[in-house]
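Q: This is the content of coords19.tsv (TSV, C-alpha atoms):
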```
chain	number	residue	atom	x	y	z
A	1	MET	CA	-10.70	0.12	3.17
A	2	PHE	CA	-7.59	1.19	5.09
A	3	GLU	CA	-7.77	-1.94	7.22
A	4	ARG	CA	-7.77	-4.15	4.12
A	5	ILE	CA	-4.84	-2.22	2.62
A	6	ARG	CA	-2.97	-2.67	5.88
A	7	GLU	CA	-3.71	-6.42	5.88
A	8	ILE	CA	-2.42	-6.81	2.32
A	9	ILE	CA	0.79	-4.93	3.12
A	10	ALA	CA	1.35	-6.98	6.28
A	11	GLU	CA	0.73	-10.20	4.37
A	12	GLN	CA	3.11	-9.25	1.56
A	13	LEU	CA	5.89	-8.25	3.97
A	14	GLY	CA	5.33	-10.99	6.57
A	15	ILE	CA	4.45	-8.53	9.34
A	16	GLU	CA	2.54	-10.12	12.21
A	17	ASP	CA	1.66	-6.91	14.09
A	18	VAL	CA	-0.83	-5.43	11.60
A	19	GLU	CA	-1.77	-2.73	14.15
A	20	SER	CA	1.76	-1.28	13.86
A	21	ILE	CA	0.96	-0.14	10.31
A	22	THR	CA	-0.67	3.30	10.35
A	23	ARG	CA	-1.57	5.91	7.73
A	24	THR	CA	1.79	7.61	8.36
A	25	THR	CA	3.86	4.42	8.01
A	26	SER	CA	6.33	4.51	5.11
A	27	LEU	CA	6.71	1.32	3.06
A	28	MET	CA	10.39	1.90	2.38
A	29	ASN	CA	11.59	3.69	5.52
A	30	ASP	CA	9.47	2.18	8.29
A	31	LEU	CA	8.70	-1.27	6.89
A	32	GLU	CA	12.00	-1.64	5.02
A	33	ALA	CA	10.29	-2.77	1.81
A	34	ASP	CA	12.52	-2.88	-1.25
A	35	SER	CA	11.43	-1.93	-4.75
A	36	LEU	CA	10.35	-5.50	-5.56
A	37	ASP	CA	8.23	-5.61	-2.40
A	38	ALA	CA	6.64	-2.29	-3.39
A	39	VAL	CA	5.78	-3.57	-6.87
A	40	GLU	CA	4.24	-6.75	-5.45
A	41	ILE	CA	2.21	-4.73	-2.94
A	42	MET	CA	0.92	-2.39	-5.66
A	43	MET	CA	-0.06	-5.38	-7.82
A	44	ALA	CA	-1.89	-7.00	-4.90
A	45	LEU	CA	-3.73	-3.74	-4.17
A	46	GLU	CA	-4.66	-3.32	-7.83
A	47	ASP	CA	-6.11	-6.83	-7.88
A	48	GLU	CA	-7.97	-6.40	-4.59
A	49	PHE	CA	-9.53	-3.02	-5.36
A	50	ASP	CA	-9.78	-3.30	-9.17
A	51	VAL	CA	-7.83	-0.08	-9.69
A	52	GLU	CA	-4.76	0.72	-11.76
A	53	ILE	CA	-1.86	2.45	-10.01
A	54	PRO	CA	0.54	3.92	-12.60
A	55	ASP	CA	4.23	3.73	-11.68
A	56	GLU	CA	4.56	7.52	-11.75
A	57	GLU	CA	1.76	7.78	-9.17
A	58	ALA	CA	3.19	5.01	-7.00
A	59	GLU	CA	6.52	6.83	-6.87
A	60	LYS	CA	4.78	9.82	-5.25
A	61	PHE	CA	3.42	7.80	-2.31
A	62	LYS	CA	5.14	8.86	0.91
A	63	ASN	CA	3.15	6.65	3.27
A	64	ILE	CA	0.30	4.16	3.56
A	65	GLY	CA	-2.21	7.01	3.85
A	66	ASP	CA	-1.20	8.25	0.39
A	67	ILE	CA	-1.84	4.78	-1.04
A	68	ALA	CA	-5.25	4.56	0.67
A	69	ASP	CA	-6.23	8.04	-0.53
A	70	TYR	CA	-5.22	7.25	-4.12
A	71	ILE	CA	-7.25	4.03	-4.17
A	72	GLN	CA	-10.26	5.74	-2.55
A	73	ASN	CA	-10.17	8.58	-5.10
A	74	ASN	CA	-9.63	6.36	-8.16
A	75	LYS	CA	-12.04	3.46	-7.64
```
Have the structure of the file written as structure tokens, please.

A:
Amino acid sequence: MFERIREIIAEQLGIEDVESITRTTSLMNDLEADSLDAVEIMMALEDEFDVEIPDEEAEKFKNIGDIADYIQNNK
């Protein structure tokens, strides 16, 4: 599942080196995603994994690992 999340994030942000995205990578700080990027990524993840990610939960995510854990625990 993490690999697919990583692929979606890389695709949304135009990152070619997918391997550079780890569980500790921050969307905002490390990948320089803006708030619009973050919303688009969350929507893509919701579609892919058929899960709803409330805004208040998404705001708590510190890194990609947090996103993966949330999706895993709420599928």

Q: Neighbours of Thr22 (chain A) within 10 Å (only C-alpha atoms; same-chain residues fewer than 2 positions away dropped), as a list in words?

A: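 Contacts, in chain order: Phe2, Glu3, Arg6, Val18, Glu19, Ser20, Thr24, Thr25, Ser26, Asn63, Ile64 and Gly65 of chain A.
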
Q: For a test of reading the model, state the distance in Å between CA of Asp47 (chain A) and CA of Asp30 (chain A), rounded to one decimal.

A: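 Here the two named atoms are 24.2 Å from each other.
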
Q: Given the choices A:Lys60, A:Arg23, A:Asp55, A:Leu31, which gets closest to Ala10 (chain A) if the distance is worked out from all atoms listed in the file?

A: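 Answer, going by the shortest atom-to-atom distance: A:Leu31.
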
Q: Measuring atom to atom with all atoms listed in the file, identify which of A:Val39, A:Glu7, A:Met1, A:Gln12 is nearest to Tyr70 (chain A).

A: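 Closest to Tyr70 (chain A), using all atoms listed in the file: A:Met1.
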
Q: Hey, what's within 12 Å of Ile8 (chain A) if we count all atoms listed in the file and toss same-chain stuff fewer than 6 positions away? As a list of chain:residue names, please?

A: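 These residues fall inside the cut-off: A:Met1, A:Phe2, A:Gly14, A:Ile15, A:Glu16, A:Val18, A:Ile21, A:Asp37, A:Ala38, A:Glu40, A:Ile41, A:Met42, A:Met43, A:Ala44, A:Leu45, A:Glu46, A:Asp47, A:Glu48, A:Phe49, A:Ile64, A:Ala68.
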
Q: If you measure from CA of Leu13 (chain A) to CA of Ser35 (chain A), what distance in Å do you get, rounded to one decimal?

A: 12.1 Å

Q: Pick the closest to Asp66 (chain A) from A:Ala33, A:Val51, A:Asp17, A:Ile5: which is it, counting all atoms listed in the file?

A: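 Checking each of A:Ala33, A:Val51, A:Asp17, A:Ile5 against Asp66 (chain A), counting all atoms listed in the file, the winner is A:Ile5.
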
Q: What separation in Å, quoted to one decimal, exists between CA of Asp34 (chain A) and CA of Lys62 (chain A)?

A: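 It comes out at 14.0 Å.
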